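*Asks:* I'm passing along start.pdb; it holds PDB, C-alpha atoms and all ligand atoms.
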ATOM      1  CA  MET A   1     108.615  81.920 115.898  1.00  0.00           C
ATOM      2  CA  LYS A   2     105.763  84.042 117.162  1.00  0.00           C
ATOM      3  CA  ARG A   3     104.525  87.201 115.462  1.00  0.00           C
ATOM      4  CA  ARG A   4     105.840  89.334 118.299  1.00  0.00           C
ATOM      5  CA  GLN A   5     109.338  88.123 117.521  1.00  0.00           C
ATOM      6  CA  PHE A   6     109.036  89.054 113.822  1.00  0.00           C
ATOM      7  CA  ILE A   7     107.989  92.534 114.791  1.00  0.00           C
ATOM      8  CA  SER A   8     110.849  93.045 117.210  1.00  0.00           C
ATOM      9  CA  THR A   9     113.278  91.579 114.653  1.00  0.00           C
ATOM     10  CA  THR A  10     112.013  94.013 112.029  1.00  0.00           C
ATOM     11  CA  ILE A  11     112.431  96.923 114.388  1.00  0.00           C
ATOM     12  CA  ALA A  12     115.891  95.803 115.476  1.00  0.00           C
ATOM     13  CA  ALA A  13     116.977  95.363 111.853  1.00  0.00           C
ATOM     14  CA  GLY A  14     115.802  98.821 110.968  1.00  0.00           C
ATOM     15  CA  GLY A  15     117.346 100.337 114.062  1.00  0.00           C
ATOM     16  CA  LEU A  16     114.144 102.187 114.750  1.00  0.00           C
ATOM     17  CA  VAL A  17     112.830 103.435 118.048  1.00  0.00           C
ATOM     18  CA  LEU A  18     109.135 104.068 117.705  1.00  0.00           C
ATOM     19  CA  SER A  19     106.241 104.796 119.984  1.00  0.00           C
ATOM     20  CA  PRO A  20     103.893 101.803 120.292  1.00  0.00           C
ATOM     21  CA  SER A  21     101.071 103.357 118.273  1.00  0.00           C
ATOM     22  CA  PHE A  22     103.321 104.516 115.456  1.00  0.00           C
ATOM     23  CA  ARG A  23     105.058 101.142 115.489  1.00  0.00           C
ATOM     24  CA  LEU A  24     101.784  99.385 114.750  1.00  0.00           C
ATOM     25  CA  PHE A  25     100.932 101.811 112.007  1.00  0.00           C
ATOM     26  CA  SER A  26     104.313 101.710 110.328  1.00  0.00           C
ATOM     27  CA  LEU A  27     104.693  97.928 110.370  1.00  0.00           C
ATOM     28  CA  SER A  28     101.220  96.857 109.329  1.00  0.00           C
ATOM     29  CA  GLN A  29     101.589  96.798 105.581  1.00  0.00           C
ATOM     30  CA  VAL A  30      98.312  97.054 103.727  1.00  0.00           C
ATOM     31  CA  TYR A  31      97.711  94.327 101.166  1.00  0.00           C
ATOM     32  CA  THR A  32      95.177  94.982  98.459  1.00  0.00           C
ATOM     33  CA  ARG A  33      92.448  92.550  97.449  1.00  0.00           C
ATOM     34  CA  ASN A  34      94.332  91.870  94.211  1.00  0.00           C
ATOM     35  CA  GLN A  35      97.629  91.148  95.987  1.00  0.00           C
ATOM     36  CA  LEU A  36      95.873  88.670  98.260  1.00  0.00           C
ATOM     37  CA  ILE A  37      94.174  86.794  95.412  1.00  0.00           C
ATOM     38  CA  GLY A  38      97.105  86.554  93.006  1.00  0.00           C
ATOM     39  CA  LYS A  39      96.211  89.385  90.665  1.00  0.00           C
ATOM     40  CA  GLY A  40      99.376  91.432  90.718  1.00  0.00           C
ATOM     41  CA  ASN A  41     101.863  92.323  93.430  1.00  0.00           C
ATOM     42  CA  PRO A  42     104.707  94.828  92.995  1.00  0.00           C
ATOM     43  CA  ASP A  43     106.812  92.855  95.497  1.00  0.00           C
ATOM     44  CA  LEU A  44     107.019  89.779  93.269  1.00  0.00           C
ATOM     45  CA  ARG A  45     110.310  88.983  91.537  1.00  0.00           C
ATOM     46  CA  GLY A  46     111.249  86.226  89.074  1.00  0.00           C
ATOM     47  CA  GLU A  47     110.806  85.008  85.522  1.00  0.00           C
ATOM     48  CA  SER A  48     108.897  81.725  85.742  1.00  0.00           C
ATOM     49  CA  TYR A  49     106.622  79.667  87.983  1.00  0.00           C
ATOM     50  CA  LEU A  50     109.752  78.119  89.462  1.00  0.00           C
ATOM     51  CA  THR A  51     111.428  81.396  90.347  1.00  0.00           C
ATOM     52  CA  THR A  52     108.675  83.958  90.891  1.00  0.00           C
ATOM     53  CA  MET A  53     108.094  84.806  94.578  1.00  0.00           C
ATOM     54  CA  HIS A  54     107.896  87.710  97.023  1.00  0.00           C
ATOM     55  CA  LYS A  55     111.233  89.517  97.183  1.00  0.00           C
ATOM     56  CA  ASP A  56     111.607  88.831 100.926  1.00  0.00           C
ATOM     57  CA  THR A  57     110.872  85.121 100.395  1.00  0.00           C
ATOM     58  CA  ALA A  58     113.619  85.039  97.763  1.00  0.00           C
ATOM     59  CA  ILE A  59     116.218  86.558 100.105  1.00  0.00           C
ATOM     60  CA  ALA A  60     115.357  84.138 102.931  1.00  0.00           C
ATOM     61  CA  LEU A  61     115.307  81.167 100.541  1.00  0.00           C
ATOM     62  CA  GLN A  62     118.757  82.030  99.260  1.00  0.00           C
ATOM     63  CA  LYS A  63     120.129  81.941 102.820  1.00  0.00           C
ATOM     64  CA  MET A  64     118.339  78.677 103.602  1.00  0.00           C
ATOM     65  CA  ARG A  65     119.610  77.128 100.367  1.00  0.00           C
ATOM     66  CA  GLY A  66     123.167  78.029 101.289  1.00  0.00           C
ATOM     67  CA  ALA A  67     122.847  76.353 104.681  1.00  0.00           C
ATOM     68  CA  ALA A  68     121.158  73.237 103.236  1.00  0.00           C
ATOM     69  CA  SER A  69     123.790  72.850 100.533  1.00  0.00           C
ATOM     70  CA  GLN A  70     126.456  72.528 103.232  1.00  0.00           C
ATOM     71  CA  GLU A  71     124.656  69.330 104.252  1.00  0.00           C
ATOM     72  CA  GLY A  72     124.497  68.045 100.672  1.00  0.00           C
ATOM     73  CA  ILE A  73     120.846  69.045 100.184  1.00  0.00           C
ATOM     74  CA  GLU A  74     119.740  71.049  97.161  1.00  0.00           C
ATOM     75  CA  LEU A  75     116.451  72.800  97.907  1.00  0.00           C
ATOM     76  CA  GLU A  76     114.694  72.636  94.541  1.00  0.00           C
ATOM     77  CA  ILE A  77     111.428  74.420  93.843  1.00  0.00           C
ATOM     78  CA  VAL A  78     108.567  72.480  92.289  1.00  0.00           C
ATOM     79  CA  SER A  79     106.090  75.347  92.586  1.00  0.00           C
ATOM     80  CA  ALA A  80     106.377  78.945  93.818  1.00  0.00           C
ATOM     81  CA  TYR A  81     104.083  81.870  92.923  1.00  0.00           C
ATOM     82  CA  ARG A  82     100.903  80.943  91.057  1.00  0.00           C
ATOM     83  CA  SER A  83      98.618  83.647  89.653  1.00  0.00           C
ATOM     84  CA  PHE A  84      94.855  83.855  89.986  1.00  0.00           C
ATOM     85  CA  GLN A  85      94.538  83.291  86.237  1.00  0.00           C
ATOM     86  CA  ARG A  86      96.609  80.092  86.354  1.00  0.00           C
ATOM     87  CA  GLN A  87      94.607  78.701  89.290  1.00  0.00           C
ATOM     88  CA  LYS A  88      91.374  79.659  87.500  1.00  0.00           C
ATOM     89  CA  GLU A  89      92.459  77.696  84.422  1.00  0.00           C
ATOM     90  CA  ILE A  90      93.299  74.618  86.521  1.00  0.00           C
ATOM     91  CA  PHE A  91      90.008  74.815  88.435  1.00  0.00           C
ATOM     92  CA  GLU A  92      87.815  75.396  85.385  1.00  0.00           C
ATOM     93  CA  ARG A  93      89.459  72.623  83.354  1.00  0.00           C
ATOM     94  CA  LYS A  94      88.691  70.157  86.161  1.00  0.00           C
ATOM     95  CA  TYR A  95      85.175  71.550  86.605  1.00  0.00           C
ATOM     96  CA  ARG A  96      84.371  71.126  82.898  1.00  0.00           C
ATOM     97  CA  ASP A  97      85.860  67.657  82.963  1.00  0.00           C
ATOM     98  CA  PHE A  98      83.717  66.498  85.913  1.00  0.00           C
ATOM     99  CA  ARG A  99      80.581  68.160  84.510  1.00  0.00           C
ATOM    100  CA  SER A 100      81.091  66.495  81.115  1.00  0.00           C
ATOM    101  CA  LYS A 101      81.042  63.154  82.952  1.00  0.00           C
ATOM    102  CA  GLY A 102      77.614  64.038  84.352  1.00  0.00           C
ATOM    103  CA  ILE A 103      78.805  64.874  87.878  1.00  0.00           C
ATOM    104  CA  GLU A 104      76.579  67.418  89.641  1.00  0.00           C
ATOM    105  CA  PRO A 105      78.111  70.910  90.142  1.00  0.00           C
ATOM    106  CA  GLU A 106      78.362  70.741  93.965  1.00  0.00           C
ATOM    107  CA  LYS A 107      79.890  67.266  93.790  1.00  0.00           C
ATOM    108  CA  ALA A 108      82.356  68.421  91.110  1.00  0.00           C
ATOM    109  CA  ILE A 109      83.517  71.279  93.336  1.00  0.00           C
ATOM    110  CA  GLU A 110      83.967  68.895  96.284  1.00  0.00           C
ATOM    111  CA  LYS A 111      86.069  66.579  94.136  1.00  0.00           C
ATOM    112  CA  ILE A 112      88.260  69.389  92.782  1.00  0.00           C
ATOM    113  CA  ILE A 113      89.155  70.688  96.220  1.00  0.00           C
ATOM    114  CA  GLU A 114      90.441  67.304  97.334  1.00  0.00           C
ATOM    115  CA  TYR A 115      93.635  68.190  95.464  1.00  0.00           C
ATOM    116  CA  SER A 116      93.345  71.763  94.175  1.00  0.00           C
ATOM    117  CA  THR A 117      92.458  75.134  95.602  1.00  0.00           C
ATOM    118  CA  ILE A 118      89.687  77.428  94.466  1.00  0.00           C
ATOM    119  CA  PRO A 119      91.141  80.393  92.504  1.00  0.00           C
ATOM    120  CA  GLY A 120      91.681  83.353  94.813  1.00  0.00           C
ATOM    121  CA  THR A 121      92.285  81.114  97.839  1.00  0.00           C
ATOM    122  CA  SER A 122      95.722  79.588  97.176  1.00  0.00           C
ATOM    123  CA  ARG A 123      98.640  80.502  99.423  1.00  0.00           C
ATOM    124  CA  HIS A 124     100.741  80.221  96.271  1.00  0.00           C
ATOM    125  CA  HIS A 125      99.068  83.502  95.190  1.00  0.00           C
ATOM    126  CA  TRP A 126     101.135  85.345  97.789  1.00  0.00           C
ATOM    127  CA  GLY A 127     104.670  84.551  96.654  1.00  0.00           C
ATOM    128  CA  THR A 128     105.414  83.354 100.197  1.00  0.00           C
ATOM    129  CA  ASP A 129     104.775  79.645  99.777  1.00  0.00           C
ATOM    130  CA  LEU A 130     107.002  77.077  98.089  1.00  0.00           C
ATOM    131  CA  ASP A 131     106.798  73.381  97.249  1.00  0.00           C
ATOM    132  CA  LEU A 132     110.287  71.979  97.802  1.00  0.00           C
ATOM    133  CA  ILE A 133     112.145  68.741  97.064  1.00  0.00           C
ATOM    134  CA  ASP A 134     115.795  67.704  97.260  1.00  0.00           C
ATOM    135  CA  GLY A 135     117.403  68.184  93.844  1.00  0.00           C
ATOM    136  CA  ASN A 136     120.325  65.992  94.930  1.00  0.00           C
ATOM    137  CA  ALA A 137     118.124  62.948  95.631  1.00  0.00           C
ATOM    138  CA  PRO A 138     116.876  60.380  93.102  1.00  0.00           C
ATOM    139  CA  ARG A 139     113.667  61.685  91.558  1.00  0.00           C
ATOM    140  CA  PRO A 140     110.534  59.495  91.751  1.00  0.00           C
ATOM    141  CA  LYS A 141     107.838  59.778  89.079  1.00  0.00           C
ATOM    142  CA  ASN A 142     105.439  61.767  91.267  1.00  0.00           C
ATOM    143  CA  VAL A 143     107.604  63.975  93.458  1.00  0.00           C
ATOM    144  CA  LEU A 144     104.879  65.494  95.649  1.00  0.00           C
ATOM    145  CA  GLN A 145     103.818  62.361  97.539  1.00  0.00           C
ATOM    146  CA  ALA A 146     104.055  62.252 101.335  1.00  0.00           C
ATOM    147  CA  ALA A 147     105.755  58.823 101.202  1.00  0.00           C
ATOM    148  CA  ASN A 148     108.765  60.402  99.439  1.00  0.00           C
ATOM    149  CA  PHE A 149     109.487  62.443 102.561  1.00  0.00           C
ATOM    150  CA  HIS A 150     109.308  59.660 105.153  1.00  0.00           C
ATOM    151  CA  GLY A 151     110.666  56.198 105.878  1.00  0.00           C
ATOM    152  CA  GLN A 152     113.009  55.259 103.046  1.00  0.00           C
ATOM    153  CA  GLY A 153     111.764  58.048 100.745  1.00  0.00           C
ATOM    154  CA  PRO A 154     114.310  59.981  98.651  1.00  0.00           C
ATOM    155  CA  PHE A 155     113.519  63.343 100.293  1.00  0.00           C
ATOM    156  CA  CYS A 156     113.822  62.157 103.936  1.00  0.00           C
ATOM    157  CA  LYS A 157     117.176  63.822 104.458  1.00  0.00           C
ATOM    158  CA  MET A 158     115.786  67.154 103.231  1.00  0.00           C
ATOM    159  CA  LYS A 159     112.662  66.759 105.351  1.00  0.00           C
ATOM    160  CA  GLU A 160     114.643  66.067 108.512  1.00  0.00           C
ATOM    161  CA  TRP A 161     116.881  69.058 107.824  1.00  0.00           C
ATOM    162  CA  MET A 162     113.869  71.304 107.159  1.00  0.00           C
ATOM    163  CA  ASN A 163     112.133  70.113 110.350  1.00  0.00           C
ATOM    164  CA  ALA A 164     115.191  71.159 112.328  1.00  0.00           C
ATOM    165  CA  HIS A 165     116.291  74.323 110.501  1.00  0.00           C
ATOM    166  CA  ALA A 166     113.607  75.889 108.264  1.00  0.00           C
ATOM    167  CA  LYS A 167     112.284  78.034 111.125  1.00  0.00           C
ATOM    168  CA  GLU A 168     115.712  79.655 111.530  1.00  0.00           C
ATOM    169  CA  PHE A 169     115.064  81.209 108.111  1.00  0.00           C
ATOM    170  CA  GLY A 170     111.371  82.003 108.707  1.00  0.00           C
ATOM    171  CA  PHE A 171     109.917  79.008 106.831  1.00  0.00           C
ATOM    172  CA  TYR A 172     107.214  76.754 108.312  1.00  0.00           C
ATOM    173  CA  GLU A 173     105.272  73.733 107.086  1.00  0.00           C
ATOM    174  CA  VAL A 174     101.659  74.781 106.394  1.00  0.00           C
ATOM    175  CA  TYR A 175      99.605  71.582 106.065  1.00  0.00           C
ATOM    176  CA  THR A 176     100.986  69.538 108.959  1.00  0.00           C
ATOM    177  CA  ASP A 177     100.272  65.895 109.769  1.00  0.00           C
ATOM    178  CA  GLU A 178      98.529  66.915 112.996  1.00  0.00           C
ATOM    179  CA  PRO A 179      95.660  64.354 113.101  1.00  0.00           C
ATOM    180  CA  THR A 180      92.998  66.821 114.279  1.00  0.00           C
ATOM    181  CA  ARG A 181      93.760  69.297 111.481  1.00  0.00           C
ATOM    182  CA  LYS A 182      91.064  69.555 108.801  1.00  0.00           C
ATOM    183  CA  GLY A 183      91.195  71.027 105.284  1.00  0.00           C
ATOM    184  CA  PHE A 184      93.961  70.108 102.856  1.00  0.00           C
ATOM    185  CA  LYS A 185      95.806  66.865 103.354  1.00  0.00           C
ATOM    186  CA  TYR A 186      99.319  66.647 104.812  1.00  0.00           C
ATOM    187  CA  GLU A 187     101.874  68.294 102.485  1.00  0.00           C
ATOM    188  CA  PRO A 188     105.418  67.710 103.770  1.00  0.00           C
ATOM    189  CA  TRP A 189     106.818  69.657 100.783  1.00  0.00           C
ATOM    190  CA  HIS A 190     104.864  72.915 101.236  1.00  0.00           C
ATOM    191  CA  PHE A 191     106.598  75.669 103.249  1.00  0.00           C
ATOM    192  CA  SER A 192     105.620  79.247 103.912  1.00  0.00           C
ATOM    193  CA  TYR A 193     107.751  82.302 104.624  1.00  0.00           C
ATOM    194  CA  ALA A 194     106.042  83.451 107.830  1.00  0.00           C
ATOM    195  CA  PRO A 195     107.220  87.084 108.121  1.00  0.00           C
ATOM    196  CA  VAL A 196     105.178  87.921 105.004  1.00  0.00           C
ATOM    197  CA  SER A 197     102.495  85.208 104.946  1.00  0.00           C
ATOM    198  CA  VAL A 198     101.319  85.701 108.561  1.00  0.00           C
ATOM    199  CA  PRO A 199     100.295  89.342 107.990  1.00  0.00           C
ATOM    200  CA  MET A 200      98.852  88.402 104.593  1.00  0.00           C
ATOM    201  CA  LEU A 201      96.646  85.700 106.115  1.00  0.00           C
ATOM    202  CA  LYS A 202      95.516  88.138 108.785  1.00  0.00           C
ATOM    203  CA  GLU A 203      94.498  90.599 106.095  1.00  0.00           C
ATOM    204  CA  TYR A 204      92.948  87.823 103.997  1.00  0.00           C
ATOM    205  CA  ALA A 205      90.444  87.168 106.799  1.00  0.00           C
ATOM    206  CA  SER A 206      88.537  90.314 105.828  1.00  0.00           C
ATOM    207  CA  LEU A 207      87.982  89.268 102.190  1.00  0.00           C
ATOM    208  CA  ASP A 208      84.593  88.081 100.965  1.00  0.00           C
ATOM    209  CA  VAL A 209      85.593  84.913  99.113  1.00  0.00           C
ATOM    210  CA  LYS A 210      82.101  84.279  97.739  1.00  0.00           C
ATOM    211  CA  ALA A 211      81.862  87.787  96.271  1.00  0.00           C
ATOM    212  CA  ILE A 212      85.317  87.433  94.710  1.00  0.00           C
ATOM    213  CA  LEU A 213      84.387  84.181  92.950  1.00  0.00           C
ATOM    214  CA  SER A 214      81.340  85.910  91.539  1.00  0.00           C
ATOM    215  CA  GLU A 215      83.148  89.127  90.554  1.00  0.00           C
ATOM    216  CA  GLU A 216      85.903  87.141  88.831  1.00  0.00           C
ATOM    217  CA  LYS A 217      83.338  84.979  87.011  1.00  0.00           C
ATOM    218  CA  VAL A 218      84.857  81.691  88.143  1.00  0.00           C
ATOM    219  CA  LEU A 219      83.020  78.848  86.418  1.00  0.00           C
ATOM    220  CA  GLY A 220      80.472  77.239  88.743  1.00  0.00           C
ATOM    221  CA  ASN A 221      80.515  80.199  91.147  1.00  0.00           C
ATOM    222  CA  GLU A 222      76.722  80.079  91.497  1.00  0.00           C
ATOM    223  CA  TYR A 223      77.123  76.691  93.241  1.00  0.00           C
ATOM    224  CA  PHE A 224      79.365  77.943  96.040  1.00  0.00           C
ATOM    225  CA  SER A 225      76.835  78.079  98.876  1.00  0.00           C
ATOM    226  CA  ASP A 226      77.340  80.176 102.010  1.00  0.00           C
ATOM    227  CA  ALA A 227      77.690  76.989 104.059  1.00  0.00           C
ATOM    228  CA  PHE A 228      80.309  75.605 101.677  1.00  0.00           C
ATOM    229  CA  ILE A 229      82.377  78.811 101.720  1.00  0.00           C
ATOM    230  CA  LYS A 230      82.160  79.013 105.511  1.00  0.00           C
ATOM    231  CA  LYS A 231      83.488  75.460 105.891  1.00  0.00           C
ATOM    232  CA  TYR A 232      86.173  75.949 103.222  1.00  0.00           C
ATOM    233  CA  ARG A 233      87.435  79.123 104.906  1.00  0.00           C
ATOM    234  CA  ALA A 234      87.532  77.554 108.356  1.00  0.00           C
ATOM    235  CA  GLU A 235      89.148  74.284 107.288  1.00  0.00           C
ATOM    236  CA  ASN A 236      91.104  74.796 104.054  1.00  0.00           C
ATOM    237  CA  ILE A 237      92.300  78.358 104.567  1.00  0.00           C
ATOM    238  CA  PHE A 238      92.573  78.768 108.326  1.00  0.00           C
ATOM    239  CA  ASP A 239      93.107  75.265 109.771  1.00  0.00           C
ATOM    240  CA  ILE A 240      96.873  75.268 109.237  1.00  0.00           C
ATOM    241  CA  ASN A 241     100.034  75.124 111.328  1.00  0.00           C
ATOM    242  CA  PRO A 242      99.233  77.389 114.332  1.00  0.00           C
ATOM    243  CA  LEU A 243     102.688  78.974 114.025  1.00  0.00           C
ATOM    244  CA  LEU A 244     101.498  80.558 110.763  1.00  0.00           C
ATOM    245  CA  LYS A 245      98.499  82.290 112.299  1.00  0.00           C
TER     246      LYS A 245
HETATM  247 ZN    ZN B   1     102.067  74.013  97.645  1.00  0.00          ZN
END
Please rewrite the model in this file as structure tokens.
Ligand SMILES: [Zn+2]

*Replies:*
Amino acid sequence: MKRRQFISTTIAAGGLVLSPSFRLFSLSQVYTRNQLIGKGNPDLRGESYLTTMHKDTAIALQKMRGAASQEGIELEIVSAYRSFQRQKEIFERKYRDFRSKGIEPEKAIEKIIEYSTIPGTSRHHWGTDLDLIDGNAPRPKNVLQAANFHGQGPFCKMKEWMNAHAKEFGFYEVYTDEPTRKGFKYEPWHFSYAPVSVPMLKEYASLDVKAILSEEKVLGNEYFSDAFIKKYRAENIFDINPLLK
């Protein structure tokens, strides 16, 4: 679904007739720096890391779950909202670990981002993105492996259903297996609720990631060079499924 369609859907749902200029003003929600980096968002609902998400994501997920369950699929969350603080802890633990093994700071950062995001840059900070598996399928030891979602993998049925139907509920895969895509590796389990995450990403583009890492005193922040941040932004943050931009 394209952004234009979300906007017209929103207007239709609200039954509003607005002039074009007012329409833009009224529908472009302003997200604060803190909302965009996982430091508080009044629209979040939920009790734990498995249930906390943006209120609109929760409503859409409930509908999608209902439809999936009719096909014998139980959409189970492995990860939903993650705060800045939580991501900072994960990042800094890994950073200390690599440094204690004598790995140079820049190299340590490169190694961390093979599998983890830098705090302040995770889409899980927004409450719009979910890691999903099929709770009705046999559970392998490591659930978030691409092989589980293809071939004879236990989550194939869910993956096929999501490929066909997730968009009907506003959810899209983020890190696709498109061979020319750079940044994070293919994640067949990671879906984003586009009606909220598309405007958030648009707003995110104006943030100064390097300044944030410094302001928030993220360990190793002095080693994030301008060139590194530029590449990370272009590849890890913005080189995603084009339907989410
Ligand atoms: Zn994820």

*Asks:* Interatomic distance between CA of Asn241 in chain A and CA of Gly40 in chain A?

*Replies:*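 We find that CA of Asn241 in chain A and CA of Gly40 in chain A lie 26.3 Å from each other.
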
*Asks:* Taking all atoms listed in the file into account, which of A:Phe98, A:Phe149, A:Tyr223, A:Tyr81 comes nearest ligand ZN 1 (chain B)?

*Replies:*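 For ligand ZN 1 (chain B), the nearest of the candidates is A:Tyr81.
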
*Asks:* Using only C-alpha atoms and all ligand atoms, which protein or nucleic acid residues are at most 7 Å from ligand ZN 1 (chain B), as a ChimeraX atom specification?

*Replies:* /A:79,124,129-131,190

*Asks:* Identify which of the residues A:Pro242, A:Gly151, A:Gly170, A:Gly38 lies closest to Gly120 in chain A, counting only C-alpha atoms when measuring atom-to-atom distances.

*Replies:*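 Closest residue, counting only C-alpha atoms: A:Gly38.
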
*Asks:* Can you spell out as a PyMOL selection string the set of residues that the PyMOL selection byres (((chain A and resi 119) around 8) and not hetatm) selects in the structure I just provided?

*Replies:* chain A and resi 37+84-85+87-88+91+117-118+120-122+213+218

*Asks:* Which residues would end up in the selection if the PyMOL selection byres (((chain A and resi 33) around 10) and not hetatm) were applied here, given that I need the answer as an mmCIF file with C-alpha atoms, keeping the file's coordinate frame?

*Replies:*
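Below you can see part_23.cif, which holds the result:
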data_model
loop_
_atom_site.group_PDB
_atom_site.id
_atom_site.type_symbol
_atom_site.label_atom_id
_atom_site.label_comp_id
_atom_site.auth_asym_id
_atom_site.auth_seq_id
_atom_site.Cartn_x
_atom_site.Cartn_y
_atom_site.Cartn_z
ATOM 1 C CA VAL A 30 98.312 97.054 103.727
ATOM 2 C CA TYR A 31 97.711 94.327 101.166
ATOM 3 C CA THR A 32 95.177 94.982 98.459
ATOM 4 C CA ASN A 34 94.332 91.870 94.211
ATOM 5 C CA GLN A 35 97.629 91.148 95.987
ATOM 6 C CA LEU A 36 95.873 88.670 98.260
ATOM 7 C CA ILE A 37 94.174 86.794 95.412
ATOM 8 C CA GLY A 38 97.105 86.554 93.006
ATOM 9 C CA LYS A 39 96.211 89.385 90.665
ATOM 10 C CA GLY A 40 99.376 91.432 90.718
ATOM 11 C CA GLY A 120 91.681 83.353 94.813
ATOM 12 C CA GLU A 203 94.498 90.599 106.095
ATOM 13 C CA TYR A 204 92.948 87.823 103.997
ATOM 14 C CA SER A 206 88.537 90.314 105.828
ATOM 15 C CA LEU A 207 87.982 89.268 102.190
ATOM 16 C CA ASP A 208 84.593 88.081 100.965
ATOM 17 C CA ILE A 212 85.317 87.433 94.710
#

*Asks:* Could you list the residues chosen by the PyMOL selection byres (((chain A and resi 146) around 8) and not hetatm) in this structure as a PyMOL selection string?

*Replies:* chain A and resi 144-145+147-150+186-189

*Asks:* So which residues touch Gln29 in chain A within 10 Å, counting all atoms listed in the file, skipping near sequence neighbours fewer than 5 positions away, as number ranges by chain?

*Replies:* A: 24, 196, 199-200, 203

*Asks:* For Glu74 in chain A, which residue out of A:Ser100, A:Ser214, A:Ser116, A:Asn136 is the nearest one, using all atoms listed in the file?

*Replies:* A:Asn136

*Asks:* Using all atoms listed in the file, which of A:Ile109, A:Ile59, A:Ala234, A:Ala164 sits nearest Arg96 in chain A?

*Replies:*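 The closest residue to Arg96 in chain A is A:Ile109.
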
*Asks:* Report as a PyMOL selection string all protein, DNA and RNA residues lying within 12 Å of Ser48 in chain A, evaluated on all atoms listed in the file, omitting residues in the same chain fewer than 3 positions from it.

*Replies:* chain A and resi 44-45+51-53+77-83

*Asks:* From the list A:Asp97, A:Glu160, A:Asp43, A:Asp134, which residue is nearest Gly72 in chain A when using all atoms listed in the file?

*Replies:*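 For Gly72 in chain A, the nearest of the given residues is A:Asp134.
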
*Asks:* Would you compute the distance between CA of Phe155 in chain A and CA of Leu50 in chain A? Give it in Å to one decimal.

*Replies:* 18.7 Å

*Asks:* Can you list, as an MDAnalysis selection string, every protein, DNA or RNA residue that comes within 12 Å of Glu168 in chain A when you count all atoms listed in the file, leaving out same-chain residues fewer than 5 positions away?

*Replies:* chainID A and resid 1 6 60:61 63:64 67:68 161:163 193:195

*Asks:* What separation in Å, quoted to one decimal, exists between CA of Val209 in chain A and CA of Ile113 in chain A?

*Replies:*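 Distance between the two atoms: 14.9 Å.
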
*Asks:* Might you pull out every residue within 6 Å of Glu76 in chain A, with all atoms listed in the file counted and same-chain residues fewer than 3 positions away left off, and present them as a ChimeraX atom specification?

*Replies:* /A:132-135

*Asks:* I'd like the box whose edges run along x, y and z of the file and which contains every listed atom of range 189-206 of chain A, padded by 8 Å per side; could you state its centre and edge lengths in Å, one decimal, as lines of an AutoDock Vina configuration file?

*Replies:*
center_x = 98.1
center_y = 80.1
center_z = 104.8
size_x = 35.2
size_y = 36.9
size_z = 24.0

*Asks:* When distances are computed from only C-alpha atoms, which of A:Lys245, A:Tyr49, A:Ser192, A:Pro138 shows the smallest separation from Phe169 in chain A?

*Replies:*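 Among the listed residues, A:Ser192 lies closest to Phe169 in chain A.
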
*Asks:* When you get a chance, write out N, CA and C atoms for range 87-98 of chain A, as a PDB file, in the frame of the given file.

*Replies:*
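Listing of result_18.pdb after writing:
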ATOM      1  N   GLN A  87      95.426  79.547  88.419  1.00  0.00           N
ATOM      2  CA  GLN A  87      94.607  78.701  89.290  1.00  0.00           C
ATOM      3  C   GLN A  87      93.185  78.573  88.735  1.00  0.00           C
ATOM      4  N   LYS A  88      92.705  79.660  88.115  1.00  0.00           N
ATOM      5  CA  LYS A  88      91.374  79.659  87.500  1.00  0.00           C
ATOM      6  C   LYS A  88      91.334  78.652  86.344  1.00  0.00           C
ATOM      7  N   GLU A  89      92.392  78.641  85.543  1.00  0.00           N
ATOM      8  CA  GLU A  89      92.459  77.696  84.422  1.00  0.00           C
ATOM      9  C   GLU A  89      92.432  76.255  84.913  1.00  0.00           C
ATOM     10  N   ILE A  90      93.235  75.982  85.961  1.00  0.00           N
ATOM     11  CA  ILE A  90      93.299  74.618  86.521  1.00  0.00           C
ATOM     12  C   ILE A  90      91.922  74.220  87.043  1.00  0.00           C
ATOM     13  N   PHE A  91      91.306  75.103  87.822  1.00  0.00           N
ATOM     14  CA  PHE A  91      90.008  74.815  88.435  1.00  0.00           C
ATOM     15  C   PHE A  91      88.942  74.580  87.366  1.00  0.00           C
ATOM     16  N   GLU A  92      88.888  75.472  86.385  1.00  0.00           N
ATOM     17  CA  GLU A  92      87.815  75.396  85.385  1.00  0.00           C
ATOM     18  C   GLU A  92      87.976  74.194  84.453  1.00  0.00           C
ATOM     19  N   ARG A  93      89.222  73.821  84.178  1.00  0.00           N
ATOM     20  CA  ARG A  93      89.459  72.623  83.354  1.00  0.00           C
ATOM     21  C   ARG A  93      88.895  71.401  84.079  1.00  0.00           C
ATOM     22  N   LYS A  94      89.185  71.296  85.376  1.00  0.00           N
ATOM     23  CA  LYS A  94      88.691  70.157  86.161  1.00  0.00           C
ATOM     24  C   LYS A  94      87.169  70.200  86.282  1.00  0.00           C
ATOM     25  N   TYR A  95      86.628  71.395  86.466  1.00  0.00           N
ATOM     26  CA  TYR A  95      85.175  71.550  86.605  1.00  0.00           C
ATOM     27  C   TYR A  95      84.468  71.075  85.330  1.00  0.00           C
ATOM     28  N   ARG A  96      84.959  71.544  84.187  1.00  0.00           N
ATOM     29  CA  ARG A  96      84.371  71.126  82.898  1.00  0.00           C
ATOM     30  C   ARG A  96      84.464  69.617  82.725  1.00  0.00           C
ATOM     31  N   ASP A  97      85.615  69.078  83.108  1.00  0.00           N
ATOM     32  CA  ASP A  97      85.860  67.657  82.963  1.00  0.00           C
ATOM     33  C   ASP A  97      84.845  66.845  83.787  1.00  0.00           C
ATOM     34  N   PHE A  98      84.676  67.216  85.056  1.00  0.00           N
ATOM     35  CA  PHE A  98      83.717  66.498  85.913  1.00  0.00           C
ATOM     36  C   PHE A  98      82.286  66.674  85.406  1.00  0.00           C
TER      37      PHE A  98
END
